[in-house]
$ cat data-v5.cif   # mmCIF, C-alpha atoms
data_final
#
loop_
_atom_site.label_atom_id
_atom_site.label_comp_id
_atom_site.auth_asym_id
_atom_site.auth_seq_id
_atom_site.Cartn_x
_atom_site.Cartn_y
_atom_site.Cartn_z
CA MET Z 1 109.28 117.22 90.66
CA ASN Z 2 111.60 118.50 93.37
CA MET Z 3 112.48 115.53 95.56
CA GLN Z 4 113.88 117.77 98.28
CA THR Z 5 110.32 118.13 99.43
CA LYS Z 6 107.95 115.40 100.41
CA VAL Z 7 106.04 113.87 97.53
CA GLY Z 8 102.45 114.80 98.28
CA LEU Z 9 100.82 114.39 94.90
CA ILE Z 10 97.45 112.67 94.99
CA LEU Z 11 95.46 112.49 91.80
CA THR Z 12 91.90 111.20 91.87
CA VAL Z 13 90.73 108.97 89.09
CA SER Z 14 87.18 109.58 87.85
CA LEU Z 15 85.65 106.62 86.13
CA LEU Z 16 83.50 107.18 83.08
CA ALA Z 17 82.36 103.61 82.71
CA ALA Z 18 81.22 100.93 85.10
CA GLY Z 19 82.94 97.58 85.47
CA SER Z 20 86.47 98.92 85.38
CA ALA Z 21 89.34 98.46 87.81
CA GLY Z 22 87.75 100.54 90.61
CA ALA Z 23 88.40 104.00 91.98
CA GLN Z 24 92.09 104.76 92.29
CA THR Z 25 94.58 107.28 93.62
CA LEU Z 26 98.24 107.59 92.81
CA ALA Z 27 100.78 106.37 95.33
CA THR Z 28 102.48 109.05 97.42
CA GLY Z 29 105.57 107.02 98.30
CA ASP Z 30 107.94 107.85 101.16
CA SER Z 31 106.10 109.56 104.01
CA ARG Z 32 109.26 111.34 105.18
CA THR Z 33 110.46 114.74 104.01
CA VAL Z 34 113.63 113.70 102.18
CA THR Z 35 116.42 116.23 101.58
CA GLN Z 36 119.91 115.93 100.15
CA PRO Z 37 122.04 114.16 102.78
CA ALA Z 38 124.85 115.88 104.66
CA TYR Z 39 128.12 114.22 105.59
CA PRO Z 40 128.35 113.05 109.20
CA GLY Z 41 131.01 114.21 111.60
CA VAL Z 42 134.35 112.44 111.44
CA CYS Z 43 135.22 109.82 114.02
CA LYS Z 44 138.48 108.51 112.51
CA THR Z 45 140.49 108.95 109.28
CA ILE Z 46 142.58 106.18 107.74
CA ASN Z 47 145.20 106.83 105.04
CA ALA Z 48 145.66 104.49 102.09
CA ARG Z 49 148.65 102.14 101.91
CA TYR Z 50 147.95 100.55 98.55
CA SER Z 51 147.30 101.46 94.92
CA SER Z 52 144.37 100.72 92.62
CA SER Z 53 146.97 99.33 90.20
CA GLN Z 54 147.04 96.25 92.47
CA ARG Z 55 143.42 95.38 91.65
CA ALA Z 56 144.28 92.21 89.72
CA SER Z 57 146.82 91.05 92.33
CA PRO Z 58 145.76 92.47 95.69
CA PRO Z 59 147.68 92.14 98.95
CA SER Z 60 147.13 89.00 100.99
CA SER Z 61 144.41 88.91 103.62
CA SER Z 62 147.10 88.80 106.33
CA SER Z 63 148.43 92.21 105.32
CA ASP Z 64 145.44 94.02 103.82
CA ASP Z 65 143.31 96.76 105.42
CA THR Z 66 140.57 94.61 106.96
CA SER Z 67 141.64 94.68 110.59
CA VAL Z 68 142.54 98.38 110.64
CA ILE Z 69 139.25 99.52 109.11
CA GLN Z 70 137.16 97.10 111.16
CA GLN Z 71 138.74 98.30 114.40
CA ALA Z 72 137.97 101.90 113.50
CA LEU Z 73 134.37 101.02 112.63
CA THR Z 74 134.00 99.17 115.91
CA ASP Z 75 135.42 102.11 117.84
CA CYS Z 76 132.90 104.44 116.14
CA LYS Z 77 129.92 102.10 116.56
CA GLY Z 78 126.65 103.77 117.47
CA THR Z 79 128.00 107.32 117.13
CA GLY Z 80 126.57 108.06 113.67
CA LYS Z 81 130.00 109.53 112.88
CA SER Z 82 132.19 108.32 110.05
CA VAL Z 83 135.38 106.47 109.36
CA VAL Z 84 136.97 108.29 106.42
CA LEU Z 85 139.16 106.49 103.88
CA ALA Z 86 141.65 108.99 102.43
CA ALA Z 87 144.35 108.95 99.78
CA SER Z 88 147.98 109.31 100.80
CA GLY Z 89 150.35 110.48 98.10
CA SER Z 90 150.06 108.04 95.20
CA ASN Z 91 148.26 105.48 97.37
CA ASP Z 92 144.56 105.55 96.50
CA ALA Z 93 143.19 102.13 97.45
CA PHE Z 94 142.08 99.96 100.35
CA TYR Z 95 141.71 96.15 100.14
CA THR Z 96 139.51 94.38 102.66
CA GLY Z 97 137.57 91.29 103.49
CA SER Z 98 134.05 91.57 104.89
CA LEU Z 99 133.38 94.56 107.16
CA SER Z 100 130.57 95.17 109.69
CA ILE Z 101 129.25 98.69 110.34
CA SER Z 102 126.71 99.41 113.09
CA GLY Z 103 125.36 102.90 113.63
CA ALA Z 104 128.37 104.51 111.99
CA GLY Z 105 129.35 105.91 108.61
CA LEU Z 106 131.94 104.88 106.05
CA VAL Z 107 133.10 107.75 103.82
CA ILE Z 108 135.33 107.06 100.82
CA ASN Z 109 137.08 110.21 99.66
CA SER Z 110 137.33 111.42 96.08
CA GLY Z 111 139.68 109.33 93.96
CA VAL Z 112 139.78 106.54 96.55
CA THR Z 113 138.51 102.97 96.00
CA LEU Z 114 137.66 100.33 98.57
CA PHE Z 115 138.23 96.95 96.87
CA GLY Z 116 136.83 93.65 98.04
CA ASN Z 117 139.81 91.38 98.55
CA ASP Z 118 139.79 87.70 97.55
CA SER Z 119 138.98 86.68 101.13
CA TYR Z 120 135.40 88.00 101.08
CA SER Z 121 134.32 85.97 98.05
CA GLY Z 122 133.01 83.07 100.15
CA ASN Z 123 131.09 85.31 102.55
CA ALA Z 124 127.58 86.72 102.28
CA ASN Z 125 128.58 90.37 101.85
CA LEU Z 126 131.48 92.76 101.57
CA LEU Z 127 129.92 95.57 103.64
CA SER Z 128 127.22 94.80 106.22
CA PHE Z 129 125.29 97.70 107.82
CA THR Z 130 122.99 97.63 110.85
CA GLY Z 131 121.70 100.03 113.49
CA THR Z 132 120.61 103.66 113.49
CA ASN Z 133 122.13 106.45 111.40
CA ALA Z 134 124.54 104.20 109.53
CA SER Z 135 125.77 105.53 106.19
CA LEU Z 136 127.92 104.86 103.15
CA MET Z 137 129.16 107.94 101.30
CA GLY Z 138 131.59 108.88 98.57
CA PRO Z 139 132.45 110.43 96.25
CA GLY Z 140 134.80 107.47 96.02
CA THR Z 141 134.08 103.90 94.92
CA VAL Z 142 133.38 100.46 96.36
CA ASP Z 143 134.62 97.85 93.86
CA GLY Z 144 133.58 94.25 94.49
CA ARG Z 145 135.90 92.84 91.82
CA GLY Z 146 133.01 90.66 90.68
CA ASP Z 147 134.74 90.18 87.35
CA ILE Z 148 137.64 88.47 89.13
CA ILE Z 149 136.53 86.75 92.34
CA SER Z 150 134.69 83.47 92.67
CA GLY Z 151 131.51 83.14 94.73
CA THR Z 152 128.43 85.38 94.81
CA PRO Z 153 128.61 87.74 97.79
CA ARG Z 154 126.48 90.87 97.88
CA LEU Z 155 128.43 94.09 97.71
CA VAL Z 156 126.46 96.05 100.34
CA GLN Z 157 123.86 94.57 102.71
CA ALA Z 158 121.87 96.60 105.24
CA SER Z 159 119.60 94.81 107.72
CA ASN Z 160 117.02 96.11 110.20
CA ILE Z 161 118.16 99.69 109.84
CA SER Z 162 116.84 103.06 110.92
CA ASN Z 163 117.76 106.09 108.82
CA PHE Z 164 120.32 104.36 106.60
CA ILE Z 165 121.84 106.64 103.94
CA VAL Z 166 123.86 105.83 100.82
CA TYR Z 167 125.02 109.06 99.19
CA ASN Z 168 127.24 110.24 96.36
CA VAL Z 169 129.12 106.98 96.00
CA THR Z 170 129.89 104.56 93.15
CA LEU Z 171 129.25 100.83 93.59
CA ALA Z 172 131.05 98.78 90.95
CA GLN Z 173 131.52 95.20 89.84
CA ALA Z 174 129.28 93.44 92.33
CA ALA Z 175 129.24 89.66 92.07
CA HIS Z 176 125.57 89.57 93.16
CA PRO Z 177 123.28 92.45 94.21
CA ASN Z 178 125.06 95.77 94.60
CA LEU Z 179 122.92 97.26 97.38
CA TYR Z 180 120.38 95.20 99.34
CA VAL Z 181 118.41 96.78 102.18
CA GLU Z 182 116.05 94.55 104.19
CA GLY Z 183 114.02 95.43 107.26
CA GLY Z 184 113.67 98.64 109.21
CA ASN Z 185 112.37 102.16 108.69
CA GLY Z 186 114.02 104.95 106.73
CA PHE Z 187 116.40 104.34 103.80
CA THR Z 188 117.73 106.98 101.41
CA ALA Z 189 119.87 106.42 98.32
CA TRP Z 190 120.78 109.77 96.75
CA GLY Z 191 123.24 110.31 93.91
CA VAL Z 192 124.32 106.67 93.81
CA SER Z 193 126.10 105.37 90.70
CA ILE Z 194 126.11 101.62 90.09
CA ARG Z 195 128.38 100.10 87.46
CA THR Z 196 127.89 96.37 86.95
CA PRO Z 197 127.46 95.03 83.38
CA ALA Z 198 124.19 93.73 81.94
CA THR Z 199 125.74 90.27 81.61
CA ARG Z 200 126.35 89.82 85.38
CA LYS Z 201 123.66 87.32 86.45
CA ASN Z 202 121.62 88.26 89.55
CA ALA Z 203 123.61 91.44 90.06
CA ASP Z 204 120.66 93.72 90.94
CA GLY Z 205 121.17 97.44 91.32
CA ILE Z 206 119.18 98.33 94.45
CA ASP Z 207 116.90 95.90 96.29
CA ILE Z 208 114.45 97.40 98.82
CA ASP Z 209 112.97 94.58 100.89
CA SER Z 210 110.42 94.44 103.71
CA LEU Z 211 110.79 97.93 105.15
CA THR Z 212 108.91 101.20 105.52
CA ASN Z 213 109.83 104.60 104.08
CA ALA Z 214 112.52 104.54 101.43
CA THR Z 215 113.65 106.93 98.72
CA VAL Z 216 115.98 106.30 95.78
CA THR Z 217 116.63 109.48 93.80
CA GLN Z 218 119.10 111.26 91.52
CA SER Z 219 120.86 107.96 90.84
CA ASP Z 220 122.28 106.16 87.80
CA ILE Z 221 122.23 102.36 87.68
CA GLU Z 222 123.90 99.90 85.32
CA ALA Z 223 123.25 96.36 86.53
CA GLY Z 224 122.83 92.76 85.41
CA ASP Z 225 119.38 92.12 86.91
CA ASP Z 226 116.63 94.37 88.30
CA GLY Z 227 117.66 98.01 88.31
CA ILE Z 228 115.37 98.66 91.27
CA ALA Z 229 113.51 95.80 92.96
CA VAL Z 230 110.81 96.26 95.62
CA LYS Z 231 110.44 93.01 97.56
CA THR Z 232 108.69 91.39 100.55
CA ASN Z 233 110.78 88.36 101.43
CA SER Z 234 110.57 88.77 105.21
CA GLY Z 235 107.63 91.15 105.67
CA ASP Z 236 105.47 93.90 104.18
CA ILE Z 237 106.88 96.91 102.35
CA SER Z 238 105.30 100.34 102.10
CA ASN Z 239 105.95 104.01 101.37
CA VAL Z 240 108.69 103.85 98.74
CA THR Z 241 109.65 106.56 96.23
CA VAL Z 242 111.97 106.00 93.26
CA SER Z 243 112.53 109.20 91.31
CA ASN Z 244 114.79 110.95 88.82
CA THR Z 245 116.87 107.84 88.25
CA ARG Z 246 118.28 106.26 85.08
CA LEU Z 247 118.66 102.52 84.49
CA HIS Z 248 120.99 100.96 81.90
CA GLY Z 249 120.81 97.34 80.69
CA THR Z 250 118.81 96.18 83.70
CA HIS Z 251 115.62 94.13 84.17
CA GLY Z 252 113.70 97.32 84.83
CA LEU Z 253 111.82 99.20 87.51
CA SER Z 254 110.52 96.14 89.30
CA VAL Z 255 108.10 95.11 91.99
CA GLY Z 256 108.97 91.49 92.75
CA SER Z 257 109.60 88.69 92.37
CA ILE Z 258 107.59 87.96 95.47
CA ASP Z 259 105.14 85.33 96.70
CA GLN Z 260 103.98 86.59 100.09
CA ASN Z 261 103.11 89.58 102.27
CA THR Z 262 101.94 93.02 101.08
CA VAL Z 263 103.37 95.73 98.85
CA SER Z 264 101.66 99.12 99.19
CA ASN Z 265 102.12 102.80 98.32
CA ILE Z 266 105.04 102.54 95.89
CA LEU Z 267 105.75 105.53 93.65
CA PHE Z 268 108.07 105.46 90.64
CA THR Z 269 108.28 108.93 89.11
CA ASN Z 270 110.36 110.69 86.44
CA ASN Z 271 112.63 107.73 85.65
CA TYR Z 272 114.46 106.62 82.49
CA VAL Z 273 115.01 103.03 81.34
CA TYR Z 274 117.62 102.20 78.69
CA GLY Z 275 117.59 98.67 77.28
CA ASN Z 276 121.36 98.61 76.80
CA ASP Z 277 124.08 99.01 79.38
CA LEU Z 278 126.74 101.67 79.02
CA SER Z 279 128.89 99.42 76.79
CA GLY Z 280 125.94 98.91 74.42
CA THR Z 281 125.14 95.37 75.60
CA GLN Z 282 121.42 94.62 75.75
CA SER Z 283 119.76 93.56 78.99
CA THR Z 284 119.35 89.82 79.40
CA ASN Z 285 115.69 90.38 80.36
CA ASN Z 286 114.82 93.69 78.79
CA ASN Z 287 112.03 95.18 80.90
CA GLY Z 288 110.79 98.70 81.52
CA ILE Z 289 107.81 98.84 83.89
CA ASN Z 290 107.81 95.48 85.61
CA VAL Z 291 105.46 94.04 88.26
CA LYS Z 292 106.33 90.36 88.61
CA THR Z 293 104.80 88.11 91.22
CA GLY Z 294 104.05 84.48 91.84
CA PRO Z 295 100.45 83.27 92.14
CA CYS Z 296 100.70 82.62 95.87
CA SER Z 297 98.94 84.60 98.60
CA LEU Z 298 100.26 88.11 98.27
CA THR Z 299 98.88 91.61 97.90
CA VAL Z 300 100.23 94.35 95.64
CA LYS Z 301 98.29 97.60 95.85
CA GLN Z 302 98.68 101.29 95.08
CA VAL Z 303 101.77 101.04 92.88
CA SER Z 304 102.20 104.00 90.52
CA TYR Z 305 104.57 104.56 87.61
CA VAL Z 306 104.46 108.26 86.70
CA ASN Z 307 106.35 109.71 83.73
CA THR Z 308 108.50 106.77 82.66
CA CYS Z 309 110.75 107.17 79.60
CA MET Z 310 112.00 104.03 77.81
CA THR Z 311 114.36 103.44 74.91
CA GLY Z 312 115.65 100.17 73.46
CA VAL Z 313 113.31 98.17 75.71
CA LYS Z 314 111.45 94.96 74.75
CA HIS Z 315 109.02 94.21 77.60
CA LEU Z 316 107.57 97.69 77.92
CA ILE Z 317 104.84 97.21 80.53
CA VAL Z 318 104.60 93.91 82.42
CA MET Z 319 102.15 93.01 85.18
CA ASP Z 320 102.50 89.27 85.65
CA THR Z 321 101.01 87.18 88.46
CA ASN Z 322 102.42 83.97 86.99
CA TYR Z 323 106.09 84.93 87.01
CA ASN Z 324 106.94 82.28 89.62
CA ALA Z 325 105.42 78.85 90.16
CA CYS Z 326 103.30 78.32 93.28
CA THR Z 327 102.68 74.78 94.49
CA THR Z 328 100.07 75.85 97.05
CA GLY Z 329 97.57 77.44 94.69
CA GLY Z 330 97.12 80.97 95.93
CA SER Z 331 95.16 84.19 95.78
CA PRO Z 332 97.31 87.00 94.37
CA SER Z 333 95.79 90.48 94.50
CA LEU Z 334 97.09 93.20 92.19
CA SER Z 335 95.02 96.35 92.49
CA ASN Z 336 95.44 100.08 92.04
CA ILE Z 337 98.38 99.57 89.63
CA VAL Z 338 98.63 102.84 87.71
CA VAL Z 339 100.80 103.84 84.77
CA ASN Z 340 100.33 107.58 84.29
CA GLY Z 341 102.68 108.92 81.64
CA ALA Z 342 104.82 106.44 79.68
CA TYR Z 343 106.76 106.91 76.47
CA SER Z 344 108.90 104.48 74.47
CA THR Z 345 111.12 104.88 71.44
CA GLN Z 346 113.46 102.61 69.48
CA SER Z 347 111.88 99.56 71.13
CA VAL Z 348 113.59 96.35 70.08
CA SER Z 349 112.07 93.87 67.64
CA GLY Z 350 109.14 91.99 69.15
CA ALA Z 351 108.49 94.56 71.88
CA TYR Z 352 105.22 94.09 73.77
CA THR Z 353 103.06 94.73 76.82
CA LYS Z 354 101.85 91.88 79.05
CA ILE Z 355 99.10 92.10 81.69
CA ASP Z 356 98.59 88.60 83.05
CA GLY Z 357 96.13 87.90 85.86
CA ARG Z 358 95.94 84.62 87.73
CA ASN Z 359 92.37 83.69 86.76
CA ALA Z 360 88.87 85.17 86.64
CA SER Z 361 88.73 85.26 90.45
CA PHE Z 362 92.05 87.06 90.78
CA PRO Z 363 92.46 89.50 87.89
CA VAL Z 364 94.97 92.32 87.62
CA ASN Z 365 93.28 95.68 88.26
CA ALA Z 366 95.22 98.40 86.49
CA TYR Z 367 95.12 101.77 84.76
CA LEU Z 368 96.99 103.06 81.71
CA ALA Z 369 96.85 106.83 81.24
CA ASN Z 370 98.82 109.16 78.98
CA VAL Z 371 100.72 106.28 77.39
CA SER Z 372 102.46 106.59 74.01
CA LEU Z 373 104.45 103.53 72.97
CA ASP Z 374 106.18 102.95 69.64
CA ALA Z 375 105.32 99.24 69.94
CA THR Z 376 101.77 98.32 70.96
CA ALA Z 377 101.76 94.53 70.53
CA GLN Z 378 100.31 92.47 73.39
CA SER Z 379 101.62 89.12 74.62
CA GLY Z 380 99.90 86.87 77.14
CA ASP Z 381 97.23 89.30 78.31
CA GLN Z 382 94.56 87.57 80.38
CA TYR Z 383 92.22 88.13 83.33
CA ALA Z 384 92.59 91.87 83.81
CA ASN Z 385 90.38 94.90 84.34
CA VAL Z 386 92.14 97.85 82.75
CA GLY Z 387 91.08 101.50 82.71
CA LEU Z 388 92.31 103.42 79.66
CA TYR Z 389 92.81 107.16 79.13
CA LYS Z 390 94.80 108.59 76.24
CA SER Z 391 96.68 105.30 75.85
CA ASN Z 392 97.67 103.71 72.55
CA ASP Z 393 98.49 100.56 74.52
CA VAL Z 394 95.27 98.54 74.68
CA PRO Z 395 95.36 95.13 76.39
CA SER Z 396 93.24 92.31 75.00
CA GLY Z 397 92.80 88.60 75.64
CA THR Z 398 90.88 86.03 77.62
CA GLY Z 399 89.13 87.62 80.59
CA VAL Z 400 90.41 91.13 79.77
CA THR Z 401 87.96 94.02 80.08
CA THR Z 402 88.74 97.66 79.39
CA SER Z 403 86.90 100.84 80.28
CA SER Z 404 87.40 104.60 80.10
CA PHE Z 405 88.46 106.94 82.88
CA THR Z 406 90.16 110.33 83.20
CA MET Z 407 93.37 111.30 84.95
CA SER Z 408 95.45 114.46 85.10
CA GLY Z 409 98.86 114.35 83.43
CA SER Z 410 100.38 113.95 79.99
CA VAL Z 411 102.80 111.82 77.99
CA PRO Z 412 106.25 112.69 79.33
CA SER Z 413 108.68 114.73 77.29
CA CYS Z 414 111.80 112.54 77.27
CA SER Z 415 115.41 113.49 76.60
CA PHE Z 416 117.57 110.40 76.11
#
$ encode --input "data-v5.cif" --output "structure tokens"
Amino acid sequence: MNMQTKVGLILTVSLLAAGSAGAQTLATGDSRTVTQPAYPGVCKTINARYSSSQRASPPSSSSDDTSVIQQALTDCKGTGKSVVLAASGSNDAFYTGSLSISGAGLVINSGVTLFGNDSYSGNANLLSFTGTNASLMGPGTVDGRGDIISGTPRLVQASNISNFIVYNVTLAQAAHPNLYVEGGNGFTAWGVSIRTPATRKNADGIDIDSLTNATVTQSDIEAGDDGIAVKTNSGDISNVTVSNTRLHGTHGLSVGSIDQNTVSNILFTNNYVYGNDLSGTQSTNNNGINVKTGPCSLTVKQVSYVNTCMTGVKHLIVMDTNYNACTTGGSPSLSNIVVNGAYSTQSVSGAYTKIDGRNASFPVNAYLANVSLDATAQSGDQYANVGLYKSNDVPSGTGVTTSSFTMSGSVPSCSF
């Protein structure tokens, strides 16, 4: 699927048996027409004074690059233009504390790295983005030095944005989430590489939280928690596309963990999930397709996983309404959850699928079509209505009913 055009695929499900999960359509995802980003105009250029060889012993906060870069970003605020970080001779590095960017771009040139200095470790984030037409672009690197610093700051945080773009950049060694975007309308991550090991606790790849219209595509993510996480901590989320992206050693392509608000129209398409990170270390919670919610009052609807390839994964397909505890009872609704095209190989020992509804009043309503898994064991299935079409993965358990339906598509042809 060419993601330079708007995803407009809608496939109608025709039921062949009564009592199934109900008539469904696939999610369409981002409502925008998303094309490969272009670099913004240049507002200011700053030349490097330091070397990446100083990573283990960076300059002090009194002499690093924080004030110079922050002043340039402030001067360019609201313009949509960029502050460019450039190499100068053998100097290829910038060291900073926390920086704030509003309505401007930060471009890191090829061969250049922006390092988080020791001073940002006690703060919430290294880079904080707000406003309209803000951007972070490479092809250089942002290195959070999460293997060295104390504390758990996020590497990149964007809040209440409009048309925020992260393009052609590497995010490395985050102490906590690498890229967290919460609130607003219009987020694009294109050609983003994330390099944080599977062992880094809570170091998500990309978190998309409580916003409308987002696309993550053509990216490659190694991370210590969710590779992609769709969340609703502060409000509803809708119209999200995740496509043509590879995950390594993560907790999977995830919706959750969430306990409130509404998730709707989320499309995952043509993605790869590897159970090990790039060093060969296995994920600490080895998931592929992963919908994880608490049993509180929340709604998850029209979430589609299309053509998902998995290797070395343990929890192949998970739809769990009991992931978190809920002290207030609750009425979780999971409906129109469609897996159309899934393939697994070299699944780890004990691999399984889990479809776990809250109770008979609040079952999971899902569809599995064109599914070919090399491990078909079930674990913890309960209270679910599941439509099946050309699937060797067949849920069973207390309160689980299955029925037949038809859907266009096929098992994906995967190249690991």
$ closest_atom_pairs --input "data-v5.cif" --of "region 99-126 of chain Z" --to "region 135-150 of chain Z" --cutoff "6 Å" --atoms "all atoms listed in the file" --output "CSV"
residue,atom,partner,partner_atom,distance
Z:Gly105,CA,Z:Ser135,CA,4.3
Z:Leu106,CA,Z:Leu136,CA,5.0
Z:Val107,CA,Z:Met137,CA,4.7
Z:Ile108,CA,Z:Gly138,CA,4.7
Z:Asn109,CA,Z:Gly140,CA,5.1
Z:Ser110,CA,Z:Gly140,CA,4.7
Z:Gly111,CA,Z:Gly140,CA,5.6
Z:Val112,CA,Z:Gly140,CA,5.1
Z:Thr113,CA,Z:Thr141,CA,4.7
Z:Leu114,CA,Z:Val142,CA,4.8
Z:Phe115,CA,Z:Asp143,CA,4.8
Z:Gly116,CA,Z:Gly144,CA,4.9
Z:Ser121,CA,Z:Ser150,CA,5.9
$ write_last_selection --input "data-v5.cif" --atoms "C-alpha atoms" --output "tab-separated table (two decimals), keeping the file's coordinate frame"
chain	number	residue	atom	x	y	z
Z	105	GLY	CA	129.35	105.91	108.61
Z	106	LEU	CA	131.94	104.88	106.05
Z	107	VAL	CA	133.10	107.75	103.82
Z	108	ILE	CA	135.33	107.06	100.82
Z	109	ASN	CA	137.08	110.21	99.66
Z	110	SER	CA	137.33	111.42	96.08
Z	111	GLY	CA	139.68	109.33	93.96
Z	112	VAL	CA	139.78	106.54	96.55
Z	113	THR	CA	138.51	102.97	96.00
Z	114	LEU	CA	137.66	100.33	98.57
Z	115	PHE	CA	138.23	96.95	96.87
Z	116	GLY	CA	136.83	93.65	98.04
Z	121	SER	CA	134.32	85.97	98.05
$ residues_around --input "data-v5.cif" --residues "region 240-251 of chain Z" --least-positions-apart "5" --cutoff "9 Å" --atoms "only C-alpha atoms" --output "compact mmCIF listing (two decimals) with C-alpha atoms, in the frame of the given file"
# COMPACT_ATOMS: atom_id res chain seq x y z
CA MET Z 1 109.28 117.22 90.66
CA MET Z 3 112.48 115.53 95.56
CA VAL Z 7 106.04 113.87 97.53
CA ALA Z 27 100.78 106.37 95.33
CA THR Z 28 102.48 109.05 97.42
CA GLY Z 29 105.57 107.02 98.30
CA ASP Z 30 107.94 107.85 101.16
CA SER Z 31 106.10 109.56 104.01
CA GLY Z 191 123.24 110.31 93.91
CA PRO Z 197 127.46 95.03 83.38
CA ALA Z 198 124.19 93.73 81.94
CA THR Z 199 125.74 90.27 81.61
CA ASP Z 204 120.66 93.72 90.94
CA GLY Z 205 121.17 97.44 91.32
CA ILE Z 208 114.45 97.40 98.82
CA LEU Z 211 110.79 97.93 105.15
CA THR Z 212 108.91 101.20 105.52
CA ASN Z 213 109.83 104.60 104.08
CA ALA Z 214 112.52 104.54 101.43
CA THR Z 215 113.65 106.93 98.72
CA VAL Z 216 115.98 106.30 95.78
CA THR Z 217 116.63 109.48 93.80
CA GLN Z 218 119.10 111.26 91.52
CA SER Z 219 120.86 107.96 90.84
CA ASP Z 220 122.28 106.16 87.80
CA ILE Z 221 122.23 102.36 87.68
CA GLU Z 222 123.90 99.90 85.32
CA ALA Z 223 123.25 96.36 86.53
CA GLY Z 224 122.83 92.76 85.41
CA ASP Z 225 119.38 92.12 86.91
CA ASP Z 226 116.63 94.37 88.30
CA GLY Z 227 117.66 98.01 88.31
CA ILE Z 228 115.37 98.66 91.27
CA VAL Z 230 110.81 96.26 95.62
CA SER Z 264 101.66 99.12 99.19
CA ASN Z 265 102.12 102.80 98.32
CA ILE Z 266 105.04 102.54 95.89
CA LEU Z 267 105.75 105.53 93.65
CA PHE Z 268 108.07 105.46 90.64
CA THR Z 269 108.28 108.93 89.11
CA ASN Z 270 110.36 110.69 86.44
CA ASN Z 271 112.63 107.73 85.65
CA TYR Z 272 114.46 106.62 82.49
CA VAL Z 273 115.01 103.03 81.34
CA TYR Z 274 117.62 102.20 78.69
CA GLY Z 275 117.59 98.67 77.28
CA ASN Z 276 121.36 98.61 76.80
CA ASP Z 277 124.08 99.01 79.38
CA LEU Z 278 126.74 101.67 79.02
CA GLY Z 280 125.94 98.91 74.42
CA THR Z 281 125.14 95.37 75.60
CA GLN Z 282 121.42 94.62 75.75
CA SER Z 283 119.76 93.56 78.99
CA THR Z 284 119.35 89.82 79.40
CA ASN Z 285 115.69 90.38 80.36
CA ASN Z 286 114.82 93.69 78.79
CA ASN Z 287 112.03 95.18 80.90
CA GLY Z 288 110.79 98.70 81.52
CA ASN Z 290 107.81 95.48 85.61
$ residues_around --input "data-v5.cif" --residues "Cys414 (chain Z)" --least-positions-apart "6" --cutoff "10 Å" --atoms "all atoms listed in the file" --output "PyMOL selection string"
chain Z and resi 270-272+307-311+342-345
$ closest_residue --input "data-v5.cif" --among "Z:Leu373, Z:Leu179, Z:Leu368, Z:Ile337" --to "Leu316 (chain Z)" --atoms "only C-alpha atoms"
Z:Leu373
$ resolve_selection --input "data-v5.cif" --expression "the PyMOL selection byres ((chain Z and resi 356) around 7)" --output "compact mmCIF listing (two decimals) with C-alpha atoms, in the frame of the given file"
# COMPACT_ATOMS: atom_id res chain seq x y z
CA MET Z 319 102.15 93.01 85.18
CA ASP Z 320 102.50 89.27 85.65
CA THR Z 321 101.01 87.18 88.46
CA LYS Z 354 101.85 91.88 79.05
CA ILE Z 355 99.10 92.10 81.69
CA GLY Z 357 96.13 87.90 85.86
CA ARG Z 358 95.94 84.62 87.73
CA VAL Z 364 94.97 92.32 87.62
CA GLY Z 380 99.90 86.87 77.14
CA ASP Z 381 97.23 89.30 78.31
CA GLN Z 382 94.56 87.57 80.38
CA TYR Z 383 92.22 88.13 83.33
CA ALA Z 384 92.59 91.87 83.81
$ resolve_selection --input "data-v5.cif" --expression "the PyMOL selection byres ((chain Z and resi 391-398) around 6)" --output "count of residues only"
11
$ resolve_selection --input "data-v5.cif" --expression "the PyMOL selection byres ((chain Z and resi 36-49) around 10)" --output "PyMOL selection string"
chain Z and resi 3-5+34-35+50-51+64-65+68-69+72-73+75-77+79-95+104-107+112-114+133-138+165-168+188-191+217-218
$ closest_residue --input "data-v5.cif" --among "Z:Ser379, Z:Thr33, Z:Gln71, Z:Thr262" --to "Leu334 (chain Z)" --atoms "only C-alpha atoms"
Z:Thr262
$ residues_around --input "data-v5.cif" --residues "Arg154 (chain Z)" --least-positions-apart "2" --cutoff "6 Å" --atoms "only C-alpha atoms" --output "PyMOL selection string"
chain Z and resi 125+156+176-177
$ decode --input "data-v5.cif" --residues "region 311-316 of chain Z" --atoms "N, CA and C atoms" --output "mmCIF file, in the first residue's frame"
data_model
loop_
_atom_site.group_PDB
_atom_site.id
_atom_site.type_symbol
_atom_site.label_atom_id
_atom_site.label_comp_id
_atom_site.auth_asym_id
_atom_site.auth_seq_id
_atom_site.Cartn_x
_atom_site.Cartn_y
_atom_site.Cartn_z
ATOM 1 N N THR Z 311 7.784 -12.691 13.896
ATOM 2 C CA THR Z 311 8.766 -13.752 14.069
ATOM 3 C C THR Z 311 9.391 -13.642 15.459
ATOM 4 N N GLY Z 312 9.564 -14.805 16.113
ATOM 5 C CA GLY Z 312 10.146 -14.828 17.444
ATOM 6 C C GLY Z 312 9.276 -14.211 18.511
ATOM 7 N N VAL Z 313 7.957 -14.221 18.281
ATOM 8 C CA VAL Z 313 7.008 -13.592 19.210
ATOM 9 C C VAL Z 313 6.356 -14.661 20.077
ATOM 10 N N LYS Z 314 5.955 -14.321 21.294
ATOM 11 C CA LYS Z 314 5.285 -15.270 22.192
ATOM 12 C C LYS Z 314 3.787 -15.005 22.289
ATOM 13 N N HIS Z 315 3.388 -13.778 22.571
ATOM 14 C CA HIS Z 315 1.971 -13.436 22.708
ATOM 15 C C HIS Z 315 1.512 -12.900 21.353
ATOM 16 N N LEU Z 316 1.034 -13.795 20.512
ATOM 17 C CA LEU Z 316 0.841 -13.467 19.104
ATOM 18 C C LEU Z 316 -0.313 -12.502 18.878
#
